[in-house]
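Undergrad: Please read through the structure below; I'll follow up with questions.
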Amino acid sequence: MAWDLKNEEEVKQYLENLGTEYRFGCLSEKKPEVCHLLGDFMESIKKDFNKAASLYRSTCDDYHFGRSCHKFATYSLTGKGCQADQPKAFEYFKKGCSLGEADSCLYAGLLCTSNNEKHQVKLDYPQGMGFLNQSCDKGNHNGCYYLSGMYLSGVPNILEKNMTMAYNYSMKACELGNIYACANVSRMYSKGDGVAQNPELASKYKSKVLEMEKEMRGQFRPIEMERGA
């Protein structure tokens, strides 16, 4: 059947059918990816965050589905659909990380390395850096960038400043699309910090940053035009 998504009644029927399909796929066929979609349906369409949280948690616990582990962890971290519980969020971020979720590795690492009185997760830089490194290895540019920052400035009594490592992680983050890391790479080549001084490469990465800035501005231009219309 072809749905007319401009027709309000047909949209409602389409969404009801979609919910039914997801419930069958999850509850009857027990497909973890469909259970996760049912959680997304409860979150975005029904706005029932309690049910969404329950679905994400059970899909993580019962089927070891990494995306659901990450989603329930973010709910636990913010108190969305469940009670805010940082230690529980940390456990689910760790589980998501072990199941291949780069973002879960990132958040687990940040919880371990954030020195904040409100944080309920024990400060543990070696463990946190291990999670950040996993995040970086899985292709998360933020994980690489945070590690580069640690090596750029060092961590008192924990980690010595190491410009070579800072350069290595900055370069990897830059290659993965992190504009701030690309700016750092340009400065490092300009000053010879952590890498041999090379004005030509400094200029190359500066141009890369400017091009990335241009692309970012271009992405927001249609929104600005719409607001001004």
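Each chain of the structure tokens is named A, B, ... in the order shown, its residues numbered from 1; ligands are numbered from 1 in display order.
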Could you list, as a list in words, every residue within 12 Å of region 24-31 of chain A, counting only C-alpha atoms and ignoring same-chain residues fewer than 2 positions away?

TA: Asn17, Leu18, Gly19, Thr20, Glu21, Tyr22, Glu33, Val34, Cys35, His36, Leu37, Leu38, Gly39, Leu55, Tyr56, Ser58, Thr59, Asp62, Tyr63, His64 and Phe65 of chain A

Undergrad: For the residues in the current selection, export N, CA and C atoms as an mmCIF file, in the first residue's frame.

TA:
```
data_model
loop_
_atom_site.group_PDB
_atom_site.id
_atom_site.type_symbol
_atom_site.label_atom_id
_atom_site.label_comp_id
_atom_site.auth_asym_id
_atom_site.auth_seq_id
_atom_site.Cartn_x
_atom_site.Cartn_y
_atom_site.Cartn_z
ATOM 1 N N ASN A 17 0.768 1.103 12.407
ATOM 2 C CA ASN A 17 1.208 -0.146 11.769
ATOM 3 C C ASN A 17 2.694 -0.393 12.032
ATOM 4 N N LEU A 18 3.455 0.687 12.016
ATOM 5 C CA LEU A 18 4.888 0.565 12.263
ATOM 6 C C LEU A 18 5.141 0.060 13.681
ATOM 7 N N GLY A 19 4.388 0.620 14.640
ATOM 8 C CA GLY A 19 4.517 0.171 16.024
ATOM 9 C C GLY A 19 4.158 -1.286 16.185
ATOM 10 N N THR A 20 3.096 -1.708 15.502
ATOM 11 C CA THR A 20 2.672 -3.113 15.552
ATOM 12 C C THR A 20 3.753 -4.022 14.974
ATOM 13 N N GLU A 21 4.329 -3.594 13.877
ATOM 14 C CA GLU A 21 5.391 -4.374 13.228
ATOM 15 C C GLU A 21 6.602 -4.517 14.149
ATOM 16 N N TYR A 22 6.982 -3.426 14.807
ATOM 17 C CA TYR A 22 8.128 -3.472 15.714
ATOM 18 C C TYR A 22 7.843 -4.360 16.925
ATOM 19 N N GLU A 33 17.652 -6.103 17.004
ATOM 20 C CA GLU A 33 17.671 -4.834 16.269
ATOM 21 C C GLU A 33 16.279 -4.232 16.178
ATOM 22 N N VAL A 34 15.247 -5.101 16.149
ATOM 23 C CA VAL A 34 13.867 -4.607 16.102
ATOM 24 C C VAL A 34 13.435 -4.119 17.489
ATOM 25 N N CYS A 35 13.895 -4.776 18.537
ATOM 26 C CA CYS A 35 13.613 -4.297 19.897
ATOM 27 C C CYS A 35 14.195 -2.904 20.097
ATOM 28 N N HIS A 36 15.390 -2.689 19.540
ATOM 29 C CA HIS A 36 15.997 -1.359 19.639
ATOM 30 C C HIS A 36 15.153 -0.339 18.868
ATOM 31 N N LEU A 37 14.672 -0.729 17.695
ATOM 32 C CA LEU A 37 13.804 0.161 16.917
ATOM 33 C C LEU A 37 12.503 0.452 17.652
ATOM 34 N N LEU A 38 11.994 -0.538 18.376
ATOM 35 C CA LEU A 38 10.785 -0.321 19.176
ATOM 36 C C LEU A 38 11.066 0.701 20.272
ATOM 37 N N GLY A 39 12.254 0.622 20.860
ATOM 38 C CA GLY A 39 12.647 1.636 21.838
ATOM 39 C C GLY A 39 12.706 3.013 21.208
ATOM 40 N N LEU A 55 12.970 -0.821 27.333
ATOM 41 C CA LEU A 55 13.290 -1.594 26.134
ATOM 42 C C LEU A 55 14.792 -1.579 25.841
ATOM 43 N N TYR A 56 15.405 -0.411 25.960
ATOM 44 C CA TYR A 56 16.844 -0.322 25.712
ATOM 45 C C TYR A 56 17.620 -1.187 26.711
ATOM 46 N N SER A 58 16.535 -3.846 28.488
ATOM 47 C CA SER A 58 16.316 -5.287 28.310
ATOM 48 C C SER A 58 17.012 -5.792 27.039
ATOM 49 N N THR A 59 17.021 -4.973 26.002
ATOM 50 C CA THR A 59 17.685 -5.387 24.758
ATOM 51 C C THR A 59 19.188 -5.499 24.960
ATOM 52 N N ASP A 62 19.492 -8.686 27.642
ATOM 53 C CA ASP A 62 19.065 -9.998 27.128
ATOM 54 C C ASP A 62 19.773 -10.397 25.838
ATOM 55 N N TYR A 63 20.051 -9.405 24.993
ATOM 56 C CA TYR A 63 20.591 -9.727 23.669
ATOM 57 C C TYR A 63 22.001 -9.191 23.426
ATOM 58 N N HIS A 64 22.530 -8.442 24.410
ATOM 59 C CA HIS A 64 23.875 -7.868 24.272
ATOM 60 C C HIS A 64 23.991 -7.037 22.995
ATOM 61 N N PHE A 65 23.002 -6.175 22.799
ATOM 62 C CA PHE A 65 22.958 -5.309 21.623
ATOM 63 C C PHE A 65 23.582 -3.966 22.001
#
```

Undergrad: Could you give me, as a PyMOL selection string, the residues within 7 Å of Ala183 (chain A), counting only C-alpha atoms and dropping anything in the same chain fewer than 3 positions from it?

TA: chain A and resi 179-180+186-187+205-206+209

Undergrad: Could you take the residues named above and write them with N, CA, C and O atoms, as a PDB file, in the first residue's frame?

TA:
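So the final result, stored in selection_4.pdb, reads:
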```pdb
ATOM      1  N   ILE A 179      37.961  19.286  13.518  1.00  0.00           N
ATOM      2  CA  ILE A 179      38.529  20.559  13.078  1.00  0.00           C
ATOM      3  C   ILE A 179      39.537  21.122  14.070  1.00  0.00           C
ATOM      4  O   ILE A 179      40.560  21.704  13.687  1.00  0.00           O
ATOM      5  N   TYR A 180      39.275  20.947  15.377  1.00  0.00           N
ATOM      6  CA  TYR A 180      40.188  21.483  16.394  1.00  0.00           C
ATOM      7  C   TYR A 180      41.522  20.736  16.367  1.00  0.00           C
ATOM      8  O   TYR A 180      42.580  21.335  16.573  1.00  0.00           O
ATOM      9  N   SER A 186      48.292  21.923  12.544  1.00  0.00           N
ATOM     10  CA  SER A 186      48.881  23.058  11.842  1.00  0.00           C
ATOM     11  C   SER A 186      49.859  23.814  12.747  1.00  0.00           C
ATOM     12  O   SER A 186      50.978  24.151  12.333  1.00  0.00           O
ATOM     13  N   ARG A 187      49.455  24.060  13.992  1.00  0.00           N
ATOM     14  CA  ARG A 187      50.333  24.774  14.941  1.00  0.00           C
ATOM     15  C   ARG A 187      51.585  23.968  15.243  1.00  0.00           C
ATOM     16  O   ARG A 187      52.672  24.518  15.380  1.00  0.00           O
ATOM     17  N   TYR A 205      47.555  22.267   6.543  1.00  0.00           N
ATOM     18  CA  TYR A 205      46.522  21.952   7.525  1.00  0.00           C
ATOM     19  C   TYR A 205      45.734  23.190   7.936  1.00  0.00           C
ATOM     20  O   TYR A 205      44.557  23.081   8.301  1.00  0.00           O
ATOM     21  N   LYS A 206      46.348  24.358   7.837  1.00  0.00           N
ATOM     22  CA  LYS A 206      45.602  25.586   8.085  1.00  0.00           C
ATOM     23  C   LYS A 206      44.528  25.756   7.004  1.00  0.00           C
ATOM     24  O   LYS A 206      43.382  26.104   7.302  1.00  0.00           O
ATOM     25  N   VAL A 209      41.672  23.471   7.747  1.00  0.00           N
ATOM     26  CA  VAL A 209      40.792  24.015   8.776  1.00  0.00           C
ATOM     27  C   VAL A 209      39.834  25.041   8.173  1.00  0.00           C
ATOM     28  O   VAL A 209      38.628  25.031   8.457  1.00  0.00           O
TER      29      VAL A 209
END
```

Undergrad: If you run DSSP on the backbone, which residues of region 12-181 of chain A are alpha helix (DSSP H), as a PyMOL selection string?

TA: chain A and resi 12-23+32-44+49-63+66-78+86-98+102-113+125-137+141-153+163-175+179-181

Undergrad: To one decimal place in Å, what is the distance between CA of Gly79 (chain A) and CA of Gly128 (chain A)?

TA: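 CA of Gly128 (chain A) lies at a distance of 22.6 Å from CA of Gly79 (chain A).
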